[in-house]
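Visitor: Provided below: upload.txt, containing compact mmCIF, C-alpha atoms.
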```txt
# COMPACT_ATOMS: atom_id res chain seq x y z
CA MET W 29 134.32 106.38 93.53
CA ILE W 30 136.22 107.84 90.59
CA LEU W 31 138.82 105.51 89.10
CA ILE W 32 141.66 107.54 87.68
CA LYS W 33 144.94 105.83 86.95
CA ILE W 34 147.72 108.05 85.74
CA PHE W 35 151.03 106.77 84.44
CA PRO W 36 153.84 109.34 84.94
CA LYS W 37 154.22 110.71 81.37
CA ASN W 38 151.89 113.62 80.41
CA GLU W 39 150.20 113.67 83.79
CA ASP W 40 149.60 117.44 83.52
CA VAL W 41 147.62 117.06 80.28
CA LEU W 42 145.33 114.47 81.86
CA GLU W 43 144.82 116.36 85.10
CA ASN W 44 144.38 119.82 83.60
CA PHE W 45 142.56 119.14 80.33
CA THR W 46 141.37 115.58 79.69
CA ILE W 47 139.76 114.85 83.05
CA PRO W 48 138.06 118.27 83.47
CA ASN W 49 136.70 118.10 79.90
CA THR W 50 135.41 114.57 80.46
CA ILE W 51 133.64 115.71 83.64
CA LEU W 52 132.07 118.66 81.80
CA TRP W 53 130.86 116.45 78.95
CA CYS W 54 129.33 113.95 81.38
CA GLU W 55 127.57 116.69 83.32
CA GLU W 56 126.29 118.50 80.21
CA ASN W 57 124.93 115.27 78.77
CA GLU W 58 123.45 114.09 82.08
CA LYS W 59 125.73 111.07 82.11
CA SER W 60 127.66 111.70 85.33
CA GLU W 61 127.45 108.03 86.26
CA HIS W 62 129.65 107.22 83.24
CA PHE W 63 132.60 109.14 84.66
CA ASN W 64 132.84 106.61 87.48
CA LYS W 65 133.64 103.98 84.85
CA CYS W 66 136.50 105.99 83.31
CA ALA W 67 140.17 105.28 83.80
CA PHE W 68 142.87 107.67 82.60
CA TYR W 69 146.39 106.62 81.71
CA SER W 70 149.48 108.18 80.23
CA GLY W 71 152.70 106.53 79.14
CA ASP W 72 153.98 104.08 76.57
CA TRP W 73 151.73 101.33 75.18
CA ASP W 74 153.82 98.35 76.31
CA SER W 75 153.84 99.56 79.92
CA PHE W 76 150.13 100.25 79.72
CA CYS W 77 149.44 96.69 78.53
CA GLU W 78 151.47 95.32 81.43
CA LEU W 79 149.80 97.68 83.91
CA THR W 80 146.28 96.68 82.82
CA TYR W 81 146.93 93.01 82.06
CA THR W 82 144.66 91.67 84.81
CA GLU W 83 141.82 94.10 84.12
CA GLU W 84 138.81 93.39 81.97
CA LYS W 85 138.83 94.48 78.35
CA TYR W 86 137.49 97.87 77.30
CA ASP W 87 134.27 98.72 75.44
CA ILE W 88 135.71 101.98 74.16
CA ILE W 89 139.25 103.29 73.85
CA LEU W 90 139.69 107.03 73.25
CA THR W 91 143.11 108.18 72.15
CA SER W 92 144.49 111.41 70.76
CA GLU W 93 147.83 112.35 69.21
CA THR W 94 149.11 108.78 69.57
CA ILE W 95 150.14 108.03 65.99
CA TYR W 96 152.69 110.76 65.36
CA ASN W 97 155.63 108.33 65.53
CA PRO W 98 155.55 105.28 63.20
CA ASN W 99 157.96 103.45 65.52
CA TYR W 100 155.08 102.96 67.98
CA TYR W 101 152.38 101.75 65.55
CA ILE W 102 152.96 98.06 66.33
CA ASN W 103 152.76 98.64 70.10
CA LEU W 104 149.56 100.65 69.69
CA LEU W 105 147.94 97.99 67.48
CA ASN W 106 148.97 95.27 69.95
CA PHE W 107 147.40 97.27 72.74
CA PHE W 108 144.12 97.53 70.82
CA LYS W 109 144.16 93.79 70.15
CA LEU W 110 144.87 92.86 73.75
CA ARG W 111 142.72 95.36 75.63
CA LEU W 112 139.65 95.97 73.41
CA LYS W 113 136.54 93.80 73.62
CA LYS W 114 135.63 91.92 70.46
CA ASP W 115 132.74 94.32 69.74
CA GLY W 116 134.59 97.35 71.18
CA LYS W 117 135.41 100.58 69.40
CA VAL W 118 138.50 102.75 69.13
CA PHE W 119 138.18 106.49 68.62
CA LEU W 120 141.53 107.84 67.51
CA ALA W 121 142.08 111.57 66.92
CA ALA W 122 145.16 112.75 65.09
CA LYS W 123 146.51 115.31 62.69
CA SER W 124 146.93 114.40 59.05
CA HIS W 125 150.55 115.60 59.15
CA TYR W 126 153.08 116.02 61.96
CA PHE W 127 155.81 118.53 61.20
CA GLY W 128 159.30 117.54 62.27
CA VAL W 129 158.52 113.84 62.68
```
Would you mind writing the structure in this file as structure tokens?
Guide:
Amino acid sequence: MILIKIFPKNEDVLENFTIPNTILWCEENEKSEHFNKCAFYSGDWDSFCELTYTEEKYDIILTSETIYNPNYYINLLNFFKLRLKKDGKVFLAAKSHYFGV
């Protein structure tokens, strides 16, 4: 069973790019069983914390383009604190400069 949870915002990006690329990576690296452990979400960090409150904490959190707005830094850091295991890792991809923000 594949566990994919999608919150309404940016659903197209997850369905058309993130999920297919994750599947390809798992297949190319002979790690298909890892995809079954993946969950995909989109939306704001506070809602995500509420949505996943009863779930176990994560070993790894992958996030991209999530730090472009300084107004959301606190919510993002709170999410990492609440949802990441003590020995977990965050992989955060971002640009060094966002024009117009």
Visitor: Using all atoms listed in the file, which of W:Phe63, W:Cys54, W:Tyr86, W:Glu93 sits nearest W:Asn38?
Guide: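 Among the listed residues, the smallest separation from W:Asn38 belongs to W:Glu93.
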Visitor: For W:Leu42, list every protein, DNA or RNA residue within 9 Å, evaluated using only C-alpha atoms, and leave out those in the same chain fewer than 4 positions away; present the list as a PyMOL selection string.
Guide: chain W and resi 34+38+46-48+68-70
Visitor: Just the number, please: distance in Å from atom CA of W:Asn44 to atom CA of W:Gly116, one decimal.
Guide: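 Interatomic distance, atom CA of W:Asn44 to atom CA of W:Gly116: 27.5 Å.
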Visitor: For W:Asp72, which residue out of W:Val41, W:Val118, W:Ile51, W:Ile102 is the nearest one, using all atoms listed in the file?
Guide: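 So, comparing all the options, the nearest one is W:Ile102.
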Visitor: Taking 3 positions as the minimum chain separation for residues in the same chain, which residues sit within 8 Å of stretch 87-90 of chain W when counting all atoms listed in the file? Answer as a CSV table (one decimal) with C-alpha atoms, keeping the file's coordinate frame.
Guide:
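File produced: selection_36.csv:
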```
chain,number,residue,atom,x,y,z
W,112,LEU,CA,139.6,96.0,73.4
W,113,LYS,CA,136.5,93.8,73.6
W,115,ASP,CA,132.7,94.3,69.7
W,116,GLY,CA,134.6,97.4,71.2
W,117,LYS,CA,135.4,100.6,69.4
W,118,VAL,CA,138.5,102.8,69.1
W,119,PHE,CA,138.2,106.5,68.6
W,120,LEU,CA,141.5,107.8,67.5
```
Visitor: Residues within 8 Å of W:Cys77, please, as a VMD selection string. Count all atoms listed in the file; anything in the same chain fewer than 4 positions from it doesn't count.
Guide: chain W and resid 73 81 107 110 to 111
Visitor: For a test of reading the model, state the distance in Å between atom CA of W:Thr94 and atom CA of W:Glu58, rounded to one decimal.
Guide: 29.0 Å
Visitor: Go ahead and compute the interatomic distance for atom CA of W:Leu104 and atom CA of W:Lys123, in Å to one decimal.
Guide: 16.5 Å
Visitor: Which of these, W:Phe108, W:Glu56, W:Glu61, W:Asp40, has the shortest distance to W:Thr91 once you count only C-alpha atoms?
Guide: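 Among the listed residues, the smallest separation from W:Thr91 belongs to W:Phe108.
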Visitor: As JSON, please: the centre and edge lengths in Å, to one decimal, of an axis-aligned box enclosing every listed atom of stretch 66-85 of chain W with 8 Å added on each side.
Guide:
```
{"center_x": 145.2, "center_y": 99.9, "center_z": 80.0, "size_x": 33.5, "size_y": 32.5, "size_z": 25.6}
```
